[in-house]
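To keep things clear, I will list the structure first and then write my remarks on it.
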Amino acid sequence: MIELRCYEYVTASYERVCALLDGDAAGLFQRATRAASVRADEVGATLRVKLGPLEVGVPVSIGVVSRSEEVGVLGDRTARIDIAWTAARAGGFFPSMEASLRLYPLSRHETQIELYGAYRPPLGPVGTALDALLLHRVAEAAVLRFVEDVAARINAELASSSV
């Protein structure tokens, strides 16, 4: 398993972000990652990454494994959503991922979203070698894009709900 970590910010309170994700986190992840060209009848979501002038995407199935909230000794709260994803088709050719999406209140109007997870390269030893050469950069870019897309979707949905 190869570990990855990235983060992004949402311009909304921790409470509003948590309430939105409590309602339908898996649905929000799917809406955030679905490419505009993906038809409504396709499975789940699409993880995307830009490789030079090309944008590459693979349909994935994202599942919410669990959700919890912790309170630190100083009273600081952290929400945690454990997720897992696999390619919707030909899963043996794409990495699988297990991760925690954590939410931290930064101020009354800003929340940090952090993804910390690990992925398993596909194709056994051959995939591990390819990962060491190049594919880990693709995985890092895809995970960063996922977190950016989730943050953008949260901002958009909270903005539309406050109108």
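Naming works like this for the structure tokens: A, B, ... for the chains as they're shown, residue 1 at the start of each chain, ligands 1 onward in shown order.
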Next item on the list: For range 116-123 of chain A, work out the shell of residues within 8 Å, counting only C-alpha atoms and skipping chain neighbours fewer than 6 positions away, then give it as an MDAnalysis selection string.
Entry: chainID A and resid 1:6 92:102 131
Print the selection's residues with all heavy atoms to a file, as a compact mmCIF listing (two decimals), in the first residue's frame.
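Generated file (out.txt):
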```txt
# COMPACT_ATOMS: atom_id res chain seq x y z
N MET A 1 0.85 -1.18 0.00
CA MET A 1 0.00 0.00 0.00
C MET A 1 0.89 1.24 0.00
O MET A 1 1.86 1.30 0.73
CB MET A 1 -0.91 0.01 1.22
CG MET A 1 -1.90 -1.16 1.32
SD MET A 1 -3.29 -1.06 0.21
CE MET A 1 -4.40 -0.07 1.13
N ILE A 2 0.52 2.22 -0.81
CA ILE A 2 1.26 3.47 -0.92
C ILE A 2 0.40 4.58 -0.30
O ILE A 2 -0.76 4.74 -0.65
CB ILE A 2 1.52 3.83 -2.40
CG1 ILE A 2 1.97 2.65 -3.19
CG2 ILE A 2 2.38 5.07 -2.51
CD1 ILE A 2 3.27 2.11 -3.22
N GLU A 3 0.97 5.35 0.62
CA GLU A 3 0.21 6.38 1.32
C GLU A 3 0.21 7.70 0.57
O GLU A 3 1.20 8.07 -0.05
CB GLU A 3 0.78 6.58 2.73
CG GLU A 3 0.57 5.38 3.61
CD GLU A 3 1.04 5.59 5.03
OE1 GLU A 3 1.62 6.66 5.34
OE2 GLU A 3 0.82 4.68 5.85
N LEU A 4 -0.92 8.40 0.66
CA LEU A 4 -1.09 9.71 0.06
C LEU A 4 -1.81 10.63 1.04
O LEU A 4 -2.64 10.17 1.83
CB LEU A 4 -1.95 9.62 -1.21
CG LEU A 4 -1.38 8.83 -2.37
CD1 LEU A 4 -2.43 8.69 -3.46
CD2 LEU A 4 -0.15 9.50 -2.93
N ARG A 5 -1.53 11.91 0.95
CA ARG A 5 -2.21 12.89 1.80
C ARG A 5 -2.31 14.20 1.03
O ARG A 5 -1.35 14.63 0.39
CB ARG A 5 -1.42 13.11 3.08
CG ARG A 5 -2.00 14.20 3.95
CD ARG A 5 -1.23 14.36 5.24
NE ARG A 5 -2.00 13.67 6.25
CZ ARG A 5 -1.51 13.17 7.35
NH1 ARG A 5 -0.23 13.24 7.61
NH2 ARG A 5 -2.29 12.58 8.23
N CYS A 6 -3.48 14.83 1.08
CA CYS A 6 -3.66 16.15 0.49
C CYS A 6 -4.83 16.84 1.18
O CYS A 6 -5.59 16.21 1.92
CB CYS A 6 -3.87 16.07 -1.02
SG CYS A 6 -5.32 15.14 -1.49
N GLY A 92 -8.84 -4.90 -11.89
CA GLY A 92 -7.48 -5.41 -11.77
C GLY A 92 -6.44 -4.56 -12.47
O GLY A 92 -5.24 -4.71 -12.25
N PHE A 93 -6.88 -3.62 -13.32
CA PHE A 93 -5.96 -2.77 -14.06
C PHE A 93 -5.79 -1.39 -13.44
O PHE A 93 -5.03 -0.57 -13.95
CB PHE A 93 -6.42 -2.62 -15.52
CG PHE A 93 -6.32 -3.89 -16.29
CD1 PHE A 93 -7.45 -4.64 -16.56
CD2 PHE A 93 -5.09 -4.36 -16.73
CE1 PHE A 93 -7.36 -5.83 -17.26
CE2 PHE A 93 -4.99 -5.55 -17.42
CZ PHE A 93 -6.13 -6.29 -17.69
N PHE A 94 -6.53 -1.12 -12.36
CA PHE A 94 -6.48 0.20 -11.73
C PHE A 94 -6.27 0.04 -10.23
O PHE A 94 -6.66 -0.96 -9.64
CB PHE A 94 -7.79 0.96 -11.99
CG PHE A 94 -8.04 1.22 -13.44
CD1 PHE A 94 -8.86 0.37 -14.17
CD2 PHE A 94 -7.42 2.27 -14.08
CE1 PHE A 94 -9.07 0.59 -15.53
CE2 PHE A 94 -7.63 2.51 -15.43
CZ PHE A 94 -8.46 1.66 -16.16
N PRO A 95 -5.66 1.04 -9.59
CA PRO A 95 -5.45 0.95 -8.14
C PRO A 95 -6.76 0.99 -7.37
O PRO A 95 -7.75 1.56 -7.83
CB PRO A 95 -4.60 2.19 -7.82
CG PRO A 95 -4.52 3.00 -9.04
CD PRO A 95 -5.12 2.26 -10.17
N SER A 96 -6.77 0.37 -6.21
CA SER A 96 -7.89 0.50 -5.27
C SER A 96 -7.40 1.39 -4.12
O SER A 96 -6.20 1.45 -3.85
CB SER A 96 -8.33 -0.86 -4.75
OG SER A 96 -7.26 -1.51 -4.10
N MET A 97 -8.32 2.08 -3.47
CA MET A 97 -7.94 3.07 -2.46
C MET A 97 -8.80 2.92 -1.22
O MET A 97 -10.00 2.67 -1.31
CB MET A 97 -8.16 4.47 -3.05
CG MET A 97 -7.86 5.60 -2.14
SD MET A 97 -6.11 5.98 -2.23
CE MET A 97 -6.06 7.54 -1.45
N GLU A 98 -8.17 3.04 -0.08
CA GLU A 98 -8.86 3.15 1.21
C GLU A 98 -8.34 4.43 1.85
O GLU A 98 -7.14 4.64 1.92
CB GLU A 98 -8.53 1.95 2.10
CG GLU A 98 -9.04 0.65 1.54
CD GLU A 98 -8.57 -0.56 2.34
OE1 GLU A 98 -7.88 -0.36 3.37
OE2 GLU A 98 -8.87 -1.68 1.93
N ALA A 99 -9.27 5.29 2.28
CA ALA A 99 -8.85 6.59 2.77
C ALA A 99 -9.80 7.11 3.84
O ALA A 99 -10.92 6.63 3.99
CB ALA A 99 -8.79 7.59 1.62
N SER A 100 -9.32 8.11 4.56
CA SER A 100 -10.14 8.86 5.51
C SER A 100 -10.19 10.30 5.03
O SER A 100 -9.15 10.91 4.77
CB SER A 100 -9.53 8.82 6.91
OG SER A 100 -9.60 7.53 7.43
N LEU A 101 -11.39 10.81 4.90
CA LEU A 101 -11.60 12.22 4.61
C LEU A 101 -11.89 12.87 5.94
O LEU A 101 -12.86 12.50 6.62
CB LEU A 101 -12.77 12.39 3.64
CG LEU A 101 -12.92 13.76 3.03
CD1 LEU A 101 -11.82 13.98 1.99
CD2 LEU A 101 -14.28 13.89 2.37
N ARG A 102 -11.03 13.80 6.36
CA ARG A 102 -11.19 14.43 7.66
C ARG A 102 -11.54 15.90 7.49
O ARG A 102 -11.03 16.56 6.60
CB ARG A 102 -9.92 14.28 8.47
CG ARG A 102 -9.66 12.82 8.78
CD ARG A 102 -8.48 12.62 9.66
NE ARG A 102 -8.36 11.19 9.91
CZ ARG A 102 -7.24 10.62 10.26
NH1 ARG A 102 -6.17 11.33 10.44
NH2 ARG A 102 -7.20 9.32 10.47
N ASP A 131 4.42 1.85 -10.78
CA ASP A 131 4.05 2.87 -9.82
C ASP A 131 5.28 3.64 -9.37
O ASP A 131 5.24 4.87 -9.26
CB ASP A 131 3.34 2.24 -8.62
CG ASP A 131 2.82 3.29 -7.67
OD1 ASP A 131 1.80 3.91 -8.00
OD2 ASP A 131 3.44 3.49 -6.61
```
Notebook entry, point to check: Near Thr111 in chain A, counting only C-alpha atoms, which residues have an atom at most 8 Å away, once you skip same-chain residues fewer than 2 positions from it, shown as a ChimeraX atom specification?
Noted result: /A:9-14,17,103-107,109,113
Can you write just those residues out, C-alpha atoms, as a compact mmCIF listing (two decimals), in the first residue's frame?
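To be explicit, this is the file written out as result.txt:
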```txt
# COMPACT_ATOMS: atom_id res chain seq x y z
CA TYR A 9 -10.39 24.40 2.05
CA VAL A 10 -14.13 25.03 2.03
CA THR A 11 -15.53 28.50 2.68
CA ALA A 12 -18.26 27.35 5.04
CA SER A 13 -18.51 26.51 8.70
CA TYR A 14 -17.56 23.09 9.97
CA VAL A 17 -20.06 21.02 5.91
CA LEU A 103 -12.86 17.75 8.34
CA TYR A 104 -11.30 20.37 10.62
CA PRO A 105 -12.87 23.70 11.60
CA LEU A 106 -10.37 26.49 10.89
CA SER A 107 -12.58 29.47 11.64
CA HIS A 109 -16.41 30.36 8.04
CA ILE A 113 -10.81 18.89 4.15
```
Item checked: A:Ala142, A:Arg137, A:Ala159, A:Val150 ranked by distance to Ala26 in chain A, top pick (using only C-alpha atoms) ->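 Comparing A:Ala142, A:Arg137, A:Ala159, A:Val150 against Ala26 in chain A, the winner is A:Val150.
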Next item on the list: Report the distance between CA of Ser66 in chain A and CA of Asp82 in chain A in Å, rounded to one decimal place.
Entry: 5.2 Å
Notebook entry, point to check: Pick the closest to Thr78 in chain A from A:Glu157, A:Glu140, A:Glu15, A:Glu8: which is it, counting only C-alpha atoms?
Noted result: A:Glu15
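Going from CA of Gly75 in chain A over to CA of Leu158 in chain A, you cover 25.5 Å.
The space separating CA of Asp24 in chain A from CA of Val73 in chain A comes to 29.2 Å.
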